[in-house]
Structures are given as structure tokens and as C-alpha cells.
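Coordinates as given in entry-v8.cif (mmCIF, C-alpha atoms):
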data_entry
loop_
_atom_site.label_atom_id
_atom_site.label_comp_id
_atom_site.auth_asym_id
_atom_site.auth_seq_id
_atom_site.Cartn_x
_atom_site.Cartn_y
_atom_site.Cartn_z
CA MET A 1 2.97 47.79 50.48
CA GLU A 2 1.98 44.34 51.54
CA PHE A 3 2.87 41.15 49.72
CA THR A 4 0.41 38.36 49.86
CA HIS A 5 2.00 35.02 50.43
CA ARG A 6 0.45 32.37 48.26
CA THR A 7 0.89 28.71 48.89
CA ILE A 8 1.73 26.74 45.77
CA ARG A 9 0.34 23.29 45.90
CA LYS A 10 1.91 20.55 43.89
CA ILE A 11 -0.40 18.31 41.98
CA LYS A 12 0.30 14.78 42.97
CA SER A 13 0.72 12.33 40.17
CA PRO A 14 -1.36 9.18 40.50
CA ARG A 15 0.51 6.26 41.93
CA PRO A 16 1.72 3.76 39.36
CA LEU A 17 -0.34 0.65 38.93
CA GLY A 18 2.51 -1.59 40.06
CA GLU A 19 2.90 0.32 43.31
CA ILE A 20 -0.82 0.03 44.07
CA LEU A 21 -0.73 -3.72 43.48
CA LYS A 22 2.42 -4.26 45.53
CA ASN A 23 1.15 -2.23 48.48
CA ALA A 24 -2.17 -4.07 48.47
CA ARG A 25 -0.35 -7.43 48.48
CA LYS A 26 1.97 -6.41 51.30
CA LYS A 27 -0.97 -5.24 53.39
CA LYS A 28 -2.29 -8.78 53.13
CA GLU A 29 1.18 -10.00 54.09
CA LEU A 30 1.36 -12.29 51.10
CA THR A 31 4.27 -13.33 48.93
CA LEU A 32 4.14 -13.53 45.15
CA GLU A 33 4.18 -17.33 45.42
CA GLN A 34 1.12 -17.26 47.68
CA ALA A 35 -0.64 -14.88 45.29
CA GLU A 36 0.20 -17.22 42.42
CA GLU A 37 -1.31 -20.16 44.25
CA GLU A 38 -4.53 -18.25 44.92
CA THR A 39 -4.97 -16.54 41.54
CA LYS A 40 -3.46 -19.30 39.34
CA VAL A 41 -1.45 -16.55 37.62
CA ARG A 42 2.28 -17.14 37.38
CA ALA A 43 4.37 -15.22 39.89
CA ARG A 44 6.63 -13.79 37.16
CA TYR A 45 3.65 -12.10 35.55
CA LEU A 46 2.44 -10.73 38.88
CA GLU A 47 5.95 -9.41 39.54
CA SER A 48 6.07 -7.77 36.10
CA LEU A 49 2.77 -6.03 36.87
CA GLU A 50 4.06 -4.79 40.22
CA GLU A 51 7.43 -3.63 38.84
CA GLY A 52 5.88 -1.96 35.81
CA LYS A 53 7.80 -4.20 33.41
CA LEU A 54 5.09 -4.14 30.80
CA ASP A 55 7.37 -5.37 28.03
CA ASP A 56 7.73 -8.68 29.87
CA LEU A 57 3.99 -9.30 29.86
CA PRO A 58 2.11 -11.32 27.20
CA GLU A 59 -0.43 -9.86 24.78
CA THR A 60 -2.79 -7.25 26.16
CA VAL A 61 -5.86 -9.49 26.20
CA TYR A 62 -4.09 -12.05 28.44
CA THR A 63 -2.50 -9.42 30.67
CA ILE A 64 -5.88 -7.79 31.34
CA GLY A 65 -7.20 -11.20 32.37
CA PHE A 66 -4.28 -11.65 34.82
CA LEU A 67 -4.78 -8.11 36.16
CA THR A 68 -8.51 -8.69 36.68
CA LYS A 69 -7.89 -11.81 38.78
CA TYR A 70 -5.13 -10.12 40.75
CA ALA A 71 -7.19 -6.97 41.45
CA GLU A 72 -10.19 -9.02 42.62
CA PHE A 73 -7.92 -11.11 44.84
CA LEU A 74 -6.38 -7.97 46.41
CA GLY A 75 -9.77 -6.31 46.86
CA LEU A 76 -9.08 -3.50 44.39
CA ASP A 77 -11.45 -1.93 41.86
CA LYS A 78 -10.68 -3.94 38.76
CA GLU A 79 -12.22 -1.39 36.38
CA ASN A 80 -9.94 1.37 37.69
CA MET A 81 -6.94 -0.96 37.55
CA ILE A 82 -7.67 -1.91 33.93
CA ALA A 83 -8.13 1.75 32.93
CA GLN A 84 -4.83 2.72 34.57
CA PHE A 85 -3.09 -0.26 32.95
CA ASN A 86 -4.32 0.83 29.52
CA GLN A 87 -3.04 4.38 30.13
CA GLU A 88 0.37 3.21 31.27
CA ARG A 89 0.70 0.62 28.53
CA GLY A 90 -0.20 3.22 25.91
CA ARG A 91 2.56 5.51 27.19
CA VAL A 92 5.14 2.71 27.32
CA CYS A 93 4.31 0.84 24.12
CA GLY A 94 3.01 3.63 21.92
CA PRO A 95 0.46 3.24 19.13
CA SER A 96 2.74 1.26 16.81
CA ARG A 97 3.22 -1.68 19.17
CA LEU A 98 -0.46 -1.77 20.05
CA MET A 99 -1.33 -1.95 16.34
CA VAL A 100 1.13 -4.78 15.81
CA GLU A 101 -0.35 -6.70 18.74
CA ARG A 102 -3.83 -6.17 17.37
CA ARG A 103 -2.79 -7.53 13.96
CA ILE A 104 -1.18 -10.58 15.57
CA LYS A 105 -4.20 -11.21 17.76
CA GLU A 106 -6.72 -10.94 14.93
CA PRO A 107 -5.82 -13.30 12.05
CA ILE A 108 -6.68 -12.00 8.59
CA LEU A 109 -8.22 -15.26 7.39
CA GLN A 110 -9.26 -18.35 9.28
CA ILE A 111 -9.42 -21.60 7.30
CA THR A 112 -12.54 -23.50 8.32
CA PRO A 113 -14.39 -26.48 6.78
CA LYS A 114 -17.14 -24.10 5.67
CA LEU A 115 -14.60 -21.88 3.90
CA ILE A 116 -13.06 -24.90 2.16
CA VAL A 117 -16.50 -26.03 0.89
CA ILE A 118 -17.23 -22.52 -0.42
CA VAL A 119 -13.89 -22.36 -2.23
CA VAL A 120 -14.45 -25.80 -3.80
CA ILE A 121 -17.93 -24.78 -5.00
CA ILE A 122 -16.60 -21.53 -6.47
CA LEU A 123 -13.80 -23.35 -8.30
CA ALA A 124 -16.23 -25.96 -9.65
CA LEU A 125 -18.63 -23.28 -10.92
CA ALA A 126 -15.74 -21.38 -12.48
CA GLY A 127 -14.60 -24.55 -14.27
CA ILE A 128 -18.10 -25.29 -15.58
CA LEU A 129 -18.65 -21.73 -16.77
CA GLY A 130 -15.21 -21.70 -18.38
CA TYR A 131 -15.95 -24.94 -20.24
CA ILE A 132 -19.32 -23.64 -21.43
CA GLY A 133 -17.74 -20.38 -22.57
CA PHE A 134 -14.98 -22.23 -24.40
CA SER A 135 -17.51 -24.52 -26.12
CA VAL A 136 -19.78 -21.64 -27.16
CA ARG A 137 -16.82 -19.66 -28.46
CA GLY A 138 -15.65 -22.70 -30.40
CA LEU A 139 -19.08 -23.02 -32.04
CA THR A 140 -19.61 -19.35 -32.80
CA ALA A 141 -16.08 -18.64 -33.99
CA PRO A 142 -15.11 -19.24 -37.64
CA PRO A 143 -13.28 -22.52 -38.30
CA ASN A 144 -9.51 -22.71 -38.41
CA LEU A 145 -7.91 -22.77 -41.85
CA GLU A 146 -4.20 -23.25 -42.50
CA ILE A 147 -2.65 -23.44 -45.97
CA ALA A 148 0.70 -25.23 -45.96
CA SER A 149 1.30 -25.18 -49.71
CA PRO A 150 1.52 -23.37 -52.04
CA THR A 151 2.60 -20.12 -50.47
CA SER A 152 1.00 -16.91 -51.65
CA SER A 153 2.41 -15.61 -54.97
CA GLN A 154 4.47 -18.76 -55.44
CA ILE A 155 6.03 -19.24 -58.90
CA VAL A 156 5.80 -22.70 -60.51
CA THR A 157 6.95 -24.00 -63.89
CA SER A 158 4.37 -26.76 -64.34
CA ASP A 159 0.73 -26.77 -65.31
CA GLU A 160 -0.43 -28.32 -62.00
CA VAL A 161 0.03 -27.66 -58.28
CA GLU A 162 -1.22 -29.27 -55.05
CA ILE A 163 -3.09 -27.20 -52.48
CA ILE A 164 -2.36 -28.68 -49.04
CA GLY A 165 -3.92 -27.49 -45.81
CA LYS A 166 -5.67 -28.26 -42.55
CA THR A 167 -8.95 -27.27 -40.89
CA ASP A 168 -11.23 -28.46 -38.05
CA GLU A 169 -13.08 -31.76 -38.10
CA GLY A 170 -16.56 -31.64 -39.59
CA VAL A 171 -15.81 -28.57 -41.71
CA THR A 172 -16.59 -28.28 -45.42
CA ILE A 173 -13.75 -27.13 -47.69
CA THR A 174 -14.14 -25.74 -51.21
CA ILE A 175 -11.53 -24.50 -53.66
CA ASN A 176 -13.05 -22.06 -56.15
CA ASN A 177 -16.46 -23.42 -55.11
CA GLN A 178 -15.43 -27.04 -55.80
CA PRO A 179 -15.76 -29.38 -52.76
CA VAL A 180 -12.60 -31.00 -51.40
CA THR A 181 -12.35 -34.25 -49.41
CA LEU A 182 -10.96 -34.13 -45.85
CA ASP A 183 -9.40 -36.94 -43.84
CA LYS A 184 -10.45 -37.76 -40.25
CA THR A 185 -8.19 -35.12 -38.72
CA GLY A 186 -9.17 -32.27 -41.05
CA ASN A 187 -6.23 -32.45 -43.47
CA PHE A 188 -6.82 -31.96 -47.18
CA ARG A 189 -4.75 -32.22 -50.37
CA GLN A 190 -6.09 -31.28 -53.81
CA ALA A 191 -4.33 -31.09 -57.18
CA VAL A 192 -5.44 -28.18 -59.40
CA LYS A 193 -4.66 -27.26 -63.00
CA LEU A 194 -2.87 -23.99 -63.80
CA ASN A 195 -3.05 -21.61 -66.70
CA PRO A 196 -0.02 -19.66 -67.82
CA GLY A 197 0.29 -16.48 -65.81
CA LEU A 198 -1.31 -15.60 -62.48
CA ASN A 199 -3.80 -18.12 -61.01
CA SER A 200 -6.00 -17.27 -58.04
CA PHE A 201 -7.60 -19.89 -55.75
CA GLU A 202 -10.20 -19.13 -53.08
CA ILE A 203 -10.13 -21.70 -50.26
CA ARG A 204 -13.27 -21.51 -48.13
CA ALA A 205 -13.89 -23.37 -44.82
CA ILE A 206 -17.52 -23.54 -43.58
CA ASN A 207 -18.63 -25.13 -40.27
CA SER A 208 -22.06 -26.45 -39.24
CA LEU A 209 -23.18 -22.98 -38.09
CA LYS A 210 -22.29 -21.50 -41.49
CA LYS A 211 -19.34 -19.62 -40.03
CA GLU A 212 -16.70 -19.10 -42.73
CA ASN A 213 -12.98 -18.63 -42.99
CA VAL A 214 -11.70 -17.67 -46.44
CA LYS A 215 -8.13 -17.50 -47.72
CA VAL A 216 -6.91 -16.65 -51.21
CA VAL A 217 -3.75 -18.15 -52.67
CA LYS A 218 -2.18 -16.80 -55.84
CA VAL A 219 0.20 -18.88 -57.95
CA LEU A 220 2.23 -17.57 -60.90
CA ALA A 221 2.66 -20.29 -63.57
CA GLU A 222 5.55 -19.82 -65.97
CA PHE A 223 5.32 -22.46 -68.69
CA THR A 224 4.58 -22.48 -72.43
CA GLU A 225 1.33 -24.01 -73.50
CA VAL A 226 1.89 -26.73 -76.14
CA GLN A 227 0.21 -25.92 -79.51
CA PRO A 228 -0.63 -28.54 -82.29
CA SER A 229 2.22 -28.60 -84.91
CA ALA A 230 1.58 -27.30 -88.46
CA THR A 231 3.25 -30.42 -90.05
CA ASN A 232 0.83 -32.80 -88.41
CA SER A 233 -2.07 -30.66 -89.48
CA SER A 234 -0.98 -30.50 -93.14
CA GLY A 235 -0.04 -34.17 -93.19
CA GLY A 236 -3.46 -35.06 -92.01
CA LEU A 237 -4.99 -32.84 -94.65
CA GLU A 238 -2.90 -34.48 -97.47
CA LYS A 239 -3.90 -37.97 -96.30
CA GLU A 240 -7.55 -37.00 -96.29
CA THR A 241 -7.24 -35.56 -99.83
CA GLN A 242 -5.50 -38.71 -101.09
CA ASP A 243 -8.20 -40.90 -99.63
CA VAL A 244 -10.84 -38.88 -101.48
CA THR A 245 -8.85 -39.19 -104.80
CA ASP A 246 -8.45 -42.95 -104.44
CA GLN A 247 -12.13 -43.29 -104.10
#
Translate the structure described by the file into C-alpha cells.
Amino acid sequence: MEFTHRTIRKIKSPRPLGEILKNARKKKELTLEQAEEETKVRARYLESLEEGKLDDLPETVYTIGFLTKYAEFLGLDKENMIAQFNQERGRVCGPSRLMVERRIKEPILQITPKLIVIVVIILALAGILGYIGFSVRGLTAPPNLEIASPTSSQIVTSDEVEIIGKTDEGVTITINNQPVTLDKTGNFRQAVKLNPGLNSFEIRAINSLKKENVKVVKVLAEFTEVQPSATNSSGGLEKETQDVTDQ
């Protein structure tokens, strides 16, 4: 029985980017300082690229620019170098750091003169529309009407009470369909007669668009109505009879 000897070949891993860069520089017999002078890229960044210290490098967009200059200077294929850099950086940094860098690199909002003008125009239009809406609502809404005195179902012991209140300027006020005079600020005060028992008063405010606001106030009057005395009546009758007799 024969055993076949098989040769197992190891798959070589690609050389790291930093090693490729360093070997290419050494073949040219150049120092990092000389490479810096030629590429205008700081030596510490070139060293970080060669040593694989990717955390010491700036943001990806700047690092790729440095790598492109360095690869062209060393005579290397810059596209291959950039692709390998992206692979290695992805393994070292991971997706989370790349996303953070992308957020930092791309600002959410840039304030420009054009943006400021647009914001000012929007605010001005909003103010105008708000004013128009407020004015229209003020015209189409019923007028305000506040009754300060008397309170509803108030009990009084006199035959008269004052109805005191306030409304908007330019509004017509009536109490039980009788017009009431307003002052310049919309205040009104009107004395009304009471009958014994429960008295009801309808206060109506009407604006120029015929919008109404109506409130009813009820006042309970507890007083005795004065009646003509019987003595005076009979005395008057006797005097009248005497006058007729004298004649």
C-alpha cells in the first residue's frame, strides 16, 4: 500500500502596507526627513504609515492624500496602496470609528449668508401671517364681555342696583334691549330698577360684524313695596266732601 506524499503550501498573507512603503523608501536610500522634504508630508505621518500606527494619523480623507503623495513619490501603485490602506484601517478602527469620523467630517448644517436670508424671510412671512390670522380671528370672534357686578343670583335689599362691566372698544351694549353708554376703554355702568323677587337682566354685546356675546344676570330683590296709606286716602276724601258742602 503506497502513501502519496502531498505538499501543503501555505498561503502567504499580503505584506502590510507599512512594510511595502518602508521597503520602497529604503530601496531609494532615503530617510524620512528626505521624504518629507520631497512630498511636503510631515515625517511623523510618514512614519505612522510605515509602522502601521493608524491611530496616530489624522482623518481618513487627509491620510489618503498623504498616502497618495507618498506612493507616487516611491513609484508605487497608488490605487493599490489606497485599497490596502482602507482594508487595514477597517480592521483596526472598525465600523464605529469610521462612522464617527464621517459624522465629524460632514457637518449637519452649514450657516451661510444664503441660509440666513432664507431664515429671515421665513420668520418675516410667519410674523405677517400670524398678525393677519390674529386680526381675522379678532374680527370674526364674538366680543369680550365681563360683568363685574352684580354677581349671578345676588340678593339685594334695595329697589335699584348697578350693572358694571367691560367689553371691547366699538361694541354696542344693551341691557334688556336698552342701549348703554360705554367710555373710551369699553367700561360701562348702568343703574337699573328692581321689582320684589327675582329680576333677570340680559346683557348683550354686539360688534361691527354683528357677532354677539350674551350674558344673563339674575338678582333677587328682598324689599317691601311701599303702598299708599288708608288714612291719607280717607283724609283726602273727607276734604273733598267738605269742599263740595261749603259750595
**OP:** Step by step: start from the point (-7.9, -16.5, 38.9) in the file's coordinates, keep every protein, DNA or RNA residue that has an atom no farther than 8 Å from it, count only C-alpha atoms, and write the set as number ranges by chain.
**Re:** A: 38-41, 66, 69-70
Original post:
Interatomic distance between atom CA of Lys26 of chain A and atom CA of Met81 of chain A?
Top reply: 17.3 Å
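Once the PyMOL selection byres ((chain A and resi 45-49) around 10) is applied to the shown structure, the selection contains Leu17, Gly18, Glu19, Leu21, Lys22, Leu32, Glu33, Ala35, Glu36, Thr39, Val41, Arg42, Ala43, Arg44, Glu50, Glu51, Gly52, Lys53, Leu54, Asp55, Asp56, Leu57, Pro58, Thr63, Phe66, Leu67, Tyr70 and Phe85 of chain A.
Under the PyMOL selection byres ((chain A and resi 212-223) around 6), the matching residues in the shown file are Pro142, Ser152, Ser153, Gln154, Ile155, Val156, Thr157, Pro196, Gly197, Leu198, Asn199, Ser200, Phe201, Glu202, Ile203, Arg204, Ala205, Ile206, Lys211 and Thr224 of chain A.
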**OP:** Using atom CA of Val61 of chain A and atom CA of Pro113 of chain A as the two end points, give the distance in Å to one decimal.
**Re:** 27.2 Å
